[in-house]
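Listing of upload-v3.cif; format and content: mmCIF, C-alpha atoms.
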data_entry
#
loop_
_atom_site.label_atom_id
_atom_site.label_comp_id
_atom_site.auth_asym_id
_atom_site.auth_seq_id
_atom_site.Cartn_x
_atom_site.Cartn_y
_atom_site.Cartn_z
CA SER F 945 76.14 123.27 102.23
CA ALA F 946 74.92 120.36 100.14
CA VAL F 947 73.20 117.16 101.17
CA ILE F 948 74.24 114.26 98.98
CA SER F 949 72.51 110.92 98.80
CA GLN F 950 74.61 108.20 97.21
CA LYS F 951 73.24 104.74 96.49
CA PRO F 952 73.94 101.94 97.03
CA SER F 953 76.13 102.27 100.11
CA ARG F 954 77.71 98.92 99.40
CA ASP F 955 77.38 95.97 97.05
CA ILE F 956 78.96 92.65 96.27
CA CYS F 957 78.97 91.87 92.58
CA GLN F 958 79.98 89.04 90.32
CA ARG F 959 82.82 89.65 87.90
CA GLY F 960 81.69 90.52 84.41
CA THR F 961 78.57 92.32 85.60
CA SER F 962 77.94 96.07 85.87
CA LEU F 963 76.86 98.29 88.75
CA THR F 964 75.32 101.73 88.52
CA ILE F 965 75.86 104.14 91.40
CA GLN F 966 73.54 107.08 91.87
CA CYS F 967 74.27 110.49 93.34
CA GLN F 968 71.41 112.83 94.23
CA VAL F 969 71.97 116.36 95.56
CA ASP F 970 69.39 118.41 97.43
CA SER F 971 70.04 121.51 95.32
CA GLN F 972 71.48 122.49 91.97
CA VAL F 973 75.25 122.35 91.85
CA THR F 974 77.74 123.71 89.40
CA MET F 975 80.00 120.71 89.19
CA MET F 976 79.83 117.03 90.01
CA PHE F 977 82.75 114.63 90.15
CA TRP F 978 83.36 110.94 90.67
CA TYR F 979 86.31 109.66 92.70
CA ARG F 980 87.68 106.25 93.52
CA GLN F 981 89.34 105.44 96.84
CA GLN F 982 91.05 102.12 97.14
CA PRO F 983 91.57 100.71 100.65
CA GLY F 984 94.03 102.81 102.61
CA GLN F 985 94.65 105.08 99.64
CA SER F 986 93.88 108.61 98.59
CA LEU F 987 91.07 109.82 96.36
CA THR F 988 91.64 109.51 92.63
CA LEU F 989 89.52 111.55 90.28
CA ILE F 990 87.75 109.41 87.67
CA ALA F 991 85.87 112.08 85.76
CA THR F 992 83.94 115.31 85.82
CA ALA F 993 80.24 114.79 85.15
CA ASN F 994 79.07 117.49 82.76
CA GLN F 995 75.42 118.39 82.56
CA GLY F 996 74.10 117.84 79.06
CA SER F 997 77.35 116.61 77.54
CA GLU F 998 79.87 113.82 77.78
CA ALA F 999 81.89 113.47 80.94
CA THR F 1000 85.53 114.53 81.04
CA TYR F 1001 87.71 111.59 82.00
CA GLU F 1002 91.08 111.64 83.72
CA SER F 1003 94.06 109.72 82.46
CA GLY F 1004 93.61 106.02 83.00
CA PHE F 1005 89.82 106.09 82.97
CA VAL F 1006 87.67 105.56 79.89
CA ILE F 1007 84.03 105.97 79.07
CA ASP F 1008 83.49 102.36 78.07
CA LYS F 1009 84.55 101.19 81.52
CA PHE F 1010 83.00 104.03 83.56
CA PRO F 1011 80.06 105.52 81.68
CA ILE F 1012 78.64 108.56 83.44
CA SER F 1013 75.35 110.33 83.07
CA ARG F 1014 74.28 113.74 84.32
CA PRO F 1015 70.80 114.52 83.07
CA ASN F 1016 70.32 117.59 85.26
CA LEU F 1017 72.04 119.79 87.86
CA THR F 1018 71.12 117.59 90.83
CA PHE F 1019 71.74 114.02 89.69
CA SER F 1020 74.48 111.85 88.25
CA THR F 1021 75.24 108.17 87.81
CA LEU F 1022 78.47 106.26 87.48
CA THR F 1023 78.45 102.75 86.03
CA VAL F 1024 81.31 100.35 86.65
CA SER F 1025 81.16 98.02 83.66
CA ASN F 1026 82.36 94.48 83.13
CA MET F 1027 83.70 94.39 86.65
CA SER F 1028 86.78 92.54 87.80
CA PRO F 1029 88.20 92.14 91.33
CA GLU F 1030 90.54 95.06 90.61
CA ASP F 1031 87.49 97.33 90.55
CA SER F 1032 86.83 96.62 94.22
CA SER F 1033 87.03 100.02 95.84
CA ILE F 1034 85.03 102.85 97.36
CA TYR F 1035 83.44 105.17 94.82
CA LEU F 1036 82.49 108.68 95.91
CA CYS F 1037 80.60 111.42 94.21
CA SER F 1038 81.52 115.00 94.99
CA VAL F 1039 79.81 118.29 94.27
CA VAL F 1040 80.92 121.90 94.20
CA LYS F 1041 78.44 124.74 94.57
CA GLU F 1042 79.28 128.09 93.08
CA ASN F 1043 83.03 127.71 93.48
CA THR F 1044 82.87 126.88 97.19
CA GLU F 1045 84.04 123.82 99.00
CA ALA F 1046 83.57 120.30 97.73
CA PHE F 1047 81.11 118.01 99.49
CA PHE F 1048 81.21 114.24 99.31
CA GLY F 1049 78.62 111.54 99.24
CA GLN F 1050 78.93 108.77 101.80
CA GLY F 1051 80.54 106.50 99.22
CA THR F 1052 79.74 103.13 97.68
CA ARG F 1053 81.85 100.23 98.85
CA LEU F 1054 82.09 97.82 95.95
CA THR F 1055 83.40 94.28 96.25
CA VAL F 1056 83.80 92.22 93.09
CA VAL F 1057 84.02 88.47 93.53
CA GLY D 1000 98.50 118.41 85.13
CA GLU D 1001 98.46 119.12 88.80
CA ASN D 1002 100.43 116.97 91.20
CA VAL D 1003 100.09 117.19 94.96
CA GLU D 1004 102.70 115.70 97.26
CA GLN D 1005 101.88 115.20 100.94
CA HIS D 1006 104.07 114.17 103.85
CA PRO D 1007 104.44 112.54 106.21
CA SER D 1008 102.30 109.52 105.36
CA THR D 1009 101.95 108.67 109.04
CA LEU D 1010 102.29 110.86 112.10
CA SER D 1011 102.05 109.87 115.72
CA VAL D 1012 101.91 112.49 118.48
CA GLN D 1013 101.12 112.64 122.16
CA GLU D 1014 97.90 114.24 123.24
CA GLY D 1015 98.44 117.95 123.69
CA ASP D 1016 101.32 118.16 121.24
CA SER D 1017 101.13 119.88 117.87
CA ALA D 1018 100.93 118.15 114.49
CA VAL D 1019 102.09 119.56 111.17
CA ILE D 1020 101.35 118.12 107.75
CA LYS D 1021 102.89 119.57 104.61
CA CYS D 1022 101.90 119.55 100.96
CA THR D 1023 103.42 120.83 97.77
CA TYR D 1024 101.69 121.41 94.46
CA SER D 1025 102.91 121.80 90.92
CA ASP D 1026 100.35 123.95 89.10
CA SER D 1027 101.08 127.59 89.81
CA ALA D 1028 97.57 128.47 88.60
CA SER D 1029 95.96 126.57 91.47
CA ASN D 1030 94.20 128.97 93.80
CA TYR D 1031 92.27 126.94 96.34
CA PHE D 1032 93.71 124.56 98.90
CA PRO D 1033 91.39 122.63 101.21
CA TRP D 1034 92.15 120.11 103.91
CA TYR D 1035 89.90 117.14 104.53
CA LYS D 1036 89.64 114.83 107.51
CA GLN D 1037 88.47 111.28 106.91
CA GLU D 1038 87.60 109.02 109.79
CA LEU D 1039 87.52 105.29 109.24
CA GLY D 1040 84.59 104.25 107.07
CA LYS D 1041 83.31 107.80 106.65
CA ARG D 1042 83.32 110.39 103.90
CA PRO D 1043 85.96 113.12 103.76
CA GLN D 1044 84.93 116.27 105.62
CA LEU D 1045 86.36 119.71 105.02
CA ILE D 1046 88.12 121.09 108.10
CA ILE D 1047 89.75 124.22 106.72
CA ASP D 1048 90.64 125.78 103.40
CA ILE D 1049 92.69 128.67 102.10
CA ARG D 1050 92.65 130.67 98.92
CA SER D 1051 95.69 132.00 97.17
CA ASN D 1052 95.06 135.60 98.14
CA VAL D 1053 95.91 134.96 101.81
CA GLY D 1054 98.92 133.47 103.53
CA GLU D 1055 97.36 132.06 106.68
CA LYS D 1056 94.00 131.10 108.08
CA LYS D 1057 93.09 129.90 111.53
CA ASP D 1058 90.08 128.23 113.05
CA GLN D 1059 90.45 127.46 116.75
CA ARG D 1060 93.09 124.70 117.02
CA ILE D 1061 93.55 124.36 113.27
CA ALA D 1062 95.54 126.62 111.00
CA VAL D 1063 96.71 126.49 107.41
CA THR D 1064 99.60 128.43 105.89
CA LEU D 1065 100.28 128.96 102.21
CA ASN D 1066 103.51 129.91 100.48
CA LYS D 1067 102.65 130.60 96.85
CA THR D 1068 106.21 131.28 95.82
CA ALA D 1069 107.40 127.90 97.05
CA LYS D 1070 104.08 126.25 96.12
CA HIS D 1071 103.53 124.59 99.44
CA PHE D 1072 100.92 124.72 102.16
CA SER D 1073 100.72 123.21 105.62
CA LEU D 1074 98.15 122.14 108.17
CA HIS D 1075 98.85 122.85 111.81
CA ILE D 1076 96.86 121.26 114.61
CA THR D 1077 97.63 122.47 118.12
CA GLU D 1078 96.71 120.85 121.44
CA THR D 1079 95.90 117.60 119.70
CA GLN D 1080 93.20 115.35 121.12
CA PRO D 1081 92.50 111.65 120.55
CA GLU D 1082 89.49 112.56 118.40
CA ASP D 1083 91.88 114.25 115.97
CA SER D 1084 93.08 110.78 115.00
CA ALA D 1085 92.11 110.26 111.35
CA VAL D 1086 93.50 110.45 107.85
CA TYR D 1087 94.04 113.98 106.58
CA PHE D 1088 94.13 114.86 102.90
CA CYS D 1089 95.34 118.05 101.34
CA ALA D 1090 94.11 119.06 97.91
CA ALA D 1091 94.65 121.68 95.26
CA LYS D 1092 92.11 122.99 92.83
CA TYR D 1093 93.03 121.94 89.33
CA ASN D 1094 92.59 124.61 86.70
CA TYR D 1095 93.64 122.86 83.53
CA GLY D 1096 91.54 122.86 80.37
CA GLY D 1097 88.07 121.46 80.75
CA SER D 1098 88.66 120.15 84.25
CA GLN D 1099 88.31 123.43 86.08
CA GLY D 1100 87.03 123.16 89.58
CA ASN D 1101 87.98 119.64 90.50
CA LEU D 1102 90.37 118.75 93.28
CA ILE D 1103 93.59 116.80 93.11
CA PHE D 1104 94.38 115.12 96.40
CA GLY D 1105 97.57 114.30 98.21
CA LYS D 1106 98.10 110.72 99.33
CA GLY D 1107 96.99 111.36 102.87
CA THR D 1108 98.51 111.43 106.34
CA LYS D 1109 97.36 109.03 109.01
CA LEU D 1110 97.48 110.95 112.27
CA SER D 1111 97.44 109.05 115.54
CA VAL D 1112 97.07 110.96 118.79
CA LYS D 1113 98.07 108.92 121.80
CA PRO D 1114 96.35 109.65 125.11
#

As structure tokens, how would this structure be written, given the file I've shared?
Amino acid sequence: SAVISQKPSRDICQRGTSLTIQCQVDSQVTMMFWYRQQPGQSLTLIATANQGSEATYESGFVIDKFPISRPNLTFSTLTVSNMSPEDSSIYLCSVVKENTEAFFGQGTRLTVV
Amino acid sequence: GENVEQHPSTLSVQEGDSAVIKCTYSDSASNYFPWYKQELGKRPQLIIDIRSNVGEKKDQRIAVTLNKTAKHFSLHITETQPEDSAVYFCAAKYNYGGSQGNLIFGKGTKLSVKP
């Protein structure tokens, strides 16, 4: 299994500002991902966080809006930049170890006012 | 890319009855199909998964079946209990280009089990 610590658990932010979400895993993992889950909706993949290189973004998500870092095999950050109310959502990091199941962080509930 | 369709979006059953949720996927190269349960305000938790080399897997009251030819898979919950009430998501492992290993999720099924 994998123990994931995601911070912050929730935040209320002013529009136009940025928030960085951290994801720390208790062991090295092959792959790390960032998802968004809007209220009552499914999980939408934002990007794959690649260790040592630029993240791979899904259609509809761009690096300028959601810059991602992954400096090592246990840590990643997602920044939500220049926030607007439409960015209000739950953001979850997910990890996969050696091609096994995916584990999720507890999520960050973001409200933009 | 991969597309996962899930239905029904809501399902209400009486305690003790069975519940079935179905998903279809589009990428024939997908080879891993997990099911997640998400209770209100909590993270998704894996409840069962199946790989493409088997057709069925069972774990107590939960079973998953896979039909690779038709590209669909189903979750079966027997003898449902109120604590089974949650949102259930199916997913397929996406094997396209540089995005190998990530999951594409269905839209979810809200299951309500009435006592």

Which neighbours of Ser1029 (chain D) fall inside 12 Å, counting all atoms listed in the file, when residues of the same chain fewer than 3 positions from it are skipped, and could you give them as a ChimeraX atom specification? /D:1000-1003,1023-1026,1032-1033,1049-1052,1065,1067,1070-1072,1090-1095,1099-1103

I need the output of the PyMOL selection byres ((chain F and resi 1011) around 12) for this file as a count of residues only; which residues are they? 29

Please write the residues picked by the PyMOL selection byres ((chain D) within 9 of (chain F)) on this file as number ranges by chain. D: 1033, 1040-1045, 1048, 1088, 1097-1098, 1100-1107

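CA of Ile1046 (chain D) lies 15.3 Å from CA of Lys1021 (chain D).
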
If you measure from CA of Tyr1031 (chain D) to CA of Leu1010 (chain D), what distance in Å do you get, rounded to one decimal?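 Going from CA of Tyr1031 (chain D) over to CA of Leu1010 (chain D) covers 24.6 Å.
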
Would you mind reading off the distance between CA of Gln981 (chain F) and CA of Asp1058 (chain D), one decimal, in Å?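 Here the two named atoms are 28.0 Å from each other.
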
Give me the result of the PyMOL selection byres ((chain F and resi 996) around 7) on this file, residue by residue, as a PyMOL selection string. chain F and resi 994-995+997+1014-1015

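The list of residues with at least one atom within 8 Å of region 1111-1113 of chain D, based on all atoms listed in the file and without residues fewer than 5 positions apart in the same chain, reads Thr1009, Leu1010, Ser1011, Val1012, Gln1013, Glu1014, Thr1079, Gln1080, Pro1081, Glu1082, Asp1083, Ser1084 and Ala1085 of chain D.
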
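Closest approach to Cys1022 (chain D) from the set D:Ala1069, D:Cys1089, D:Leu1110, D:Ile1076 is made by D:Cys1089, with distances taken over all atoms listed in the file.
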
So that I can check the surroundings of Asp1031 (chain F), please list as a list in words every protein, DNA and RNA residue that reaches within 8 Å of it, counting only C-alpha atoms and ignoring chain neighbours fewer than 4 positions away.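 Those residues are Val1024, Met1027, Leu1054, Thr1055 and Val1056 of chain F.
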
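Counting all atoms listed in the file, the residue from D:Lys1056, D:Asn1066, D:Thr1108, D:Pro1114 that sits nearest to Glu1004 (chain D) is D:Thr1108.
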
Provide region 949-964 of chain F of the preceding structure as a file containing all heavy atoms, as a PDB file, in the first residue's frame.
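Writing done, so here's out.pdb:
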ATOM      1  N   SER F 949       0.102  11.830   2.069  1.00  0.00           N
ATOM      2  CA  SER F 949      -0.235  13.011   2.838  1.00  0.00           C
ATOM      3  C   SER F 949      -0.395  14.168   1.863  1.00  0.00           C
ATOM      4  O   SER F 949       0.546  14.533   1.157  1.00  0.00           O
ATOM      5  CB  SER F 949       0.872  13.322   3.850  1.00  0.00           C
ATOM      6  OG  SER F 949       0.603  14.550   4.498  1.00  0.00           O
ATOM      7  N   GLN F 950      -1.596  14.723   1.822  1.00  0.00           N
ATOM      8  CA  GLN F 950      -1.881  15.815   0.899  1.00  0.00           C
ATOM      9  C   GLN F 950      -2.243  17.053   1.715  1.00  0.00           C
ATOM     10  O   GLN F 950      -3.087  16.997   2.613  1.00  0.00           O
ATOM     11  CB  GLN F 950      -3.028  15.435  -0.041  1.00  0.00           C
ATOM     12  CG  GLN F 950      -3.312  16.448  -1.122  1.00  0.00           C
ATOM     13  CD  GLN F 950      -4.370  16.004  -2.112  1.00  0.00           C
ATOM     14  OE1 GLN F 950      -4.633  14.812  -2.298  1.00  0.00           O
ATOM     15  NE2 GLN F 950      -4.993  16.957  -2.775  1.00  0.00           N
ATOM     16  N   LYS F 951      -1.617  18.181   1.357  1.00  0.00           N
ATOM     17  CA  LYS F 951      -1.841  19.413   2.100  1.00  0.00           C
ATOM     18  C   LYS F 951      -2.040  20.589   1.163  1.00  0.00           C
ATOM     19  O   LYS F 951      -1.386  20.632   0.111  1.00  0.00           O
ATOM     20  CB  LYS F 951      -0.626  19.708   2.998  1.00  0.00           C
ATOM     21  CG  LYS F 951      -0.349  18.701   4.040  1.00  0.00           C
ATOM     22  CD  LYS F 951       0.904  19.085   4.825  1.00  0.00           C
ATOM     23  CE  LYS F 951       1.238  18.056   5.883  1.00  0.00           C
ATOM     24  NZ  LYS F 951       2.461  18.395   6.631  1.00  0.00           N
ATOM     25  N   PRO F 952      -2.853  21.568   1.469  1.00  0.00           N
ATOM     26  CA  PRO F 952      -3.748  21.585   2.617  1.00  0.00           C
ATOM     27  C   PRO F 952      -4.981  20.725   2.355  1.00  0.00           C
ATOM     28  O   PRO F 952      -5.237  20.346   1.222  1.00  0.00           O
ATOM     29  CB  PRO F 952      -4.123  23.062   2.729  1.00  0.00           C
ATOM     30  CG  PRO F 952      -4.108  23.545   1.312  1.00  0.00           C
ATOM     31  CD  PRO F 952      -2.975  22.789   0.643  1.00  0.00           C
ATOM     32  N   SER F 953      -5.748  20.436   3.387  1.00  0.00           N
ATOM     33  CA  SER F 953      -6.967  19.663   3.196  1.00  0.00           C
ATOM     34  C   SER F 953      -8.076  20.527   2.618  1.00  0.00           C
ATOM     35  O   SER F 953      -8.977  20.037   1.933  1.00  0.00           O
ATOM     36  CB  SER F 953      -7.408  19.037   4.515  1.00  0.00           C
ATOM     37  OG  SER F 953      -7.628  20.063   5.475  1.00  0.00           O
ATOM     38  N   ARG F 954      -8.025  21.807   2.916  1.00  0.00           N
ATOM     39  CA  ARG F 954      -8.993  22.735   2.361  1.00  0.00           C
ATOM     40  C   ARG F 954      -8.447  24.137   2.430  1.00  0.00           C
ATOM     41  O   ARG F 954      -7.559  24.427   3.255  1.00  0.00           O
ATOM     42  CB  ARG F 954     -10.334  22.666   3.071  1.00  0.00           C
ATOM     43  CG  ARG F 954     -10.273  22.960   4.571  1.00  0.00           C
ATOM     44  CD  ARG F 954     -11.664  22.892   5.181  1.00  0.00           C
ATOM     45  NE  ARG F 954     -12.247  21.578   5.060  1.00  0.00           N
ATOM     46  CZ  ARG F 954     -13.498  21.358   4.660  1.00  0.00           C
ATOM     47  NH1 ARG F 954     -14.267  22.359   4.279  1.00  0.00           N
ATOM     48  NH2 ARG F 954     -13.967  20.139   4.589  1.00  0.00           N
ATOM     49  N   ASP F 955      -8.961  25.020   1.572  1.00  0.00           N
ATOM     50  CA  ASP F 955      -8.555  26.415   1.611  1.00  0.00           C
ATOM     51  C   ASP F 955      -9.607  27.269   0.912  1.00  0.00           C
ATOM     52  O   ASP F 955     -10.307  26.788   0.002  1.00  0.00           O
ATOM     53  CB  ASP F 955      -7.192  26.591   0.941  1.00  0.00           C
ATOM     54  CG  ASP F 955      -6.419  27.788   1.472  1.00  0.00           C
ATOM     55  OD1 ASP F 955      -7.057  28.652   2.121  1.00  0.00           O
ATOM     56  OD2 ASP F 955      -5.199  27.870   1.249  1.00  0.00           O
ATOM     57  N   ILE F 956      -9.682  28.481   1.368  1.00  0.00           N
ATOM     58  CA  ILE F 956     -10.534  29.487   0.724  1.00  0.00           C
ATOM     59  C   ILE F 956      -9.614  30.582   0.227  1.00  0.00           C
ATOM     60  O   ILE F 956      -8.854  31.152   1.013  1.00  0.00           O
ATOM     61  CB  ILE F 956     -11.576  30.054   1.701  1.00  0.00           C
ATOM     62  CG1 ILE F 956     -12.469  28.922   2.232  1.00  0.00           C
ATOM     63  CG2 ILE F 956     -12.417  31.126   1.026  1.00  0.00           C
ATOM     64  CD1 ILE F 956     -13.413  29.352   3.330  1.00  0.00           C
ATOM     65  N   CYS F 957      -9.668  30.844  -1.075  1.00  0.00           N
ATOM     66  CA  CYS F 957      -8.701  31.756  -1.678  1.00  0.00           C
ATOM     67  C   CYS F 957      -9.405  32.871  -2.443  1.00  0.00           C
ATOM     68  O   CYS F 957     -10.523  32.700  -2.950  1.00  0.00           O
ATOM     69  CB  CYS F 957      -7.787  30.994  -2.637  1.00  0.00           C
ATOM     70  SG  CYS F 957      -6.849  29.663  -1.861  1.00  0.00           S
ATOM     71  N   GLN F 958      -8.720  33.978  -2.539  1.00  0.00           N
ATOM     72  CA  GLN F 958      -9.229  35.096  -3.315  1.00  0.00           C
ATOM     73  C   GLN F 958      -8.949  34.863  -4.798  1.00  0.00           C
ATOM     74  O   GLN F 958      -7.906  34.305  -5.172  1.00  0.00           O
ATOM     75  CB  GLN F 958      -8.551  36.389  -2.873  1.00  0.00           C
ATOM     76  CG  GLN F 958      -8.854  36.792  -1.432  1.00  0.00           C
ATOM     77  CD  GLN F 958     -10.292  37.245  -1.252  1.00  0.00           C
ATOM     78  OE1 GLN F 958     -10.870  37.874  -2.144  1.00  0.00           O
ATOM     79  NE2 GLN F 958     -10.879  36.910  -0.106  1.00  0.00           N
ATOM     80  N   ARG F 959      -9.857  35.305  -5.627  1.00  0.00           N
ATOM     81  CA  ARG F 959      -9.623  35.179  -7.066  1.00  0.00           C
ATOM     82  C   ARG F 959      -8.379  35.959  -7.459  1.00  0.00           C
ATOM     83  O   ARG F 959      -8.063  36.980  -6.875  1.00  0.00           O
ATOM     84  CB  ARG F 959     -10.835  35.653  -7.853  1.00  0.00           C
ATOM     85  CG  ARG F 959     -11.157  37.133  -7.741  1.00  0.00           C
ATOM     86  CD  ARG F 959     -12.354  37.493  -8.580  1.00  0.00           C
ATOM     87  NE  ARG F 959     -13.580  36.857  -8.064  1.00  0.00           N
ATOM     88  CZ  ARG F 959     -14.692  36.721  -8.764  1.00  0.00           C
ATOM     89  NH1 ARG F 959     -14.727  37.116 -10.048  1.00  0.00           N
ATOM     90  NH2 ARG F 959     -15.757  36.176  -8.234  1.00  0.00           N
ATOM     91  N   GLY F 960      -7.674  35.418  -8.447  1.00  0.00           N
ATOM     92  CA  GLY F 960      -6.458  36.050  -8.917  1.00  0.00           C
ATOM     93  C   GLY F 960      -5.198  35.577  -8.212  1.00  0.00           C
ATOM     94  O   GLY F 960      -4.088  35.809  -8.697  1.00  0.00           O
ATOM     95  N   THR F 961      -5.371  34.884  -7.083  1.00  0.00           N
ATOM     96  CA  THR F 961      -4.205  34.378  -6.364  1.00  0.00           C
ATOM     97  C   THR F 961      -3.912  32.947  -6.808  1.00  0.00           C
ATOM     98  O   THR F 961      -4.619  32.372  -7.640  1.00  0.00           O
ATOM     99  CB  THR F 961      -4.440  34.413  -4.852  1.00  0.00           C
ATOM    100  OG1 THR F 961      -5.539  33.556  -4.515  1.00  0.00           O
ATOM    101  CG2 THR F 961      -4.755  35.828  -4.385  1.00  0.00           C
ATOM    102  N   SER F 962      -2.848  32.375  -6.243  1.00  0.00           N
ATOM    103  CA  SER F 962      -2.443  31.005  -6.577  1.00  0.00           C
ATOM    104  C   SER F 962      -2.349  30.172  -5.310  1.00  0.00           C
ATOM    105  O   SER F 962      -2.062  30.694  -4.237  1.00  0.00           O
ATOM    106  CB  SER F 962      -1.097  31.001  -7.296  1.00  0.00           C
ATOM    107  OG  SER F 962      -1.176  31.707  -8.523  1.00  0.00           O
ATOM    108  N   LEU F 963      -2.575  28.889  -5.436  1.00  0.00           N
ATOM    109  CA  LEU F 963      -2.467  27.953  -4.326  1.00  0.00           C
ATOM    110  C   LEU F 963      -1.638  26.754  -4.766  1.00  0.00           C
ATOM    111  O   LEU F 963      -1.859  26.190  -5.835  1.00  0.00           O
ATOM    112  CB  LEU F 963      -3.848  27.462  -3.878  1.00  0.00           C
ATOM    113  CG  LEU F 963      -3.834  26.388  -2.794  1.00  0.00           C
ATOM    114  CD1 LEU F 963      -3.410  26.986  -1.461  1.00  0.00           C
ATOM    115  CD2 LEU F 963      -5.194  25.707  -2.672  1.00  0.00           C
ATOM    116  N   THR F 964      -0.701  26.375  -3.915  1.00  0.00           N
ATOM    117  CA  THR F 964       0.111  25.194  -4.200  1.00  0.00           C
ATOM    118  C   THR F 964      -0.297  24.067  -3.262  1.00  0.00           C
ATOM    119  O   THR F 964      -0.332  24.245  -2.045  1.00  0.00           O
ATOM    120  CB  THR F 964       1.605  25.498  -4.048  1.00  0.00           C
ATOM    121  OG1 THR F 964       1.980  26.464  -5.045  1.00  0.00           O
ATOM    122  CG2 THR F 964       2.438  24.240  -4.254  1.00  0.00           C
TER     123      THR F 964
END
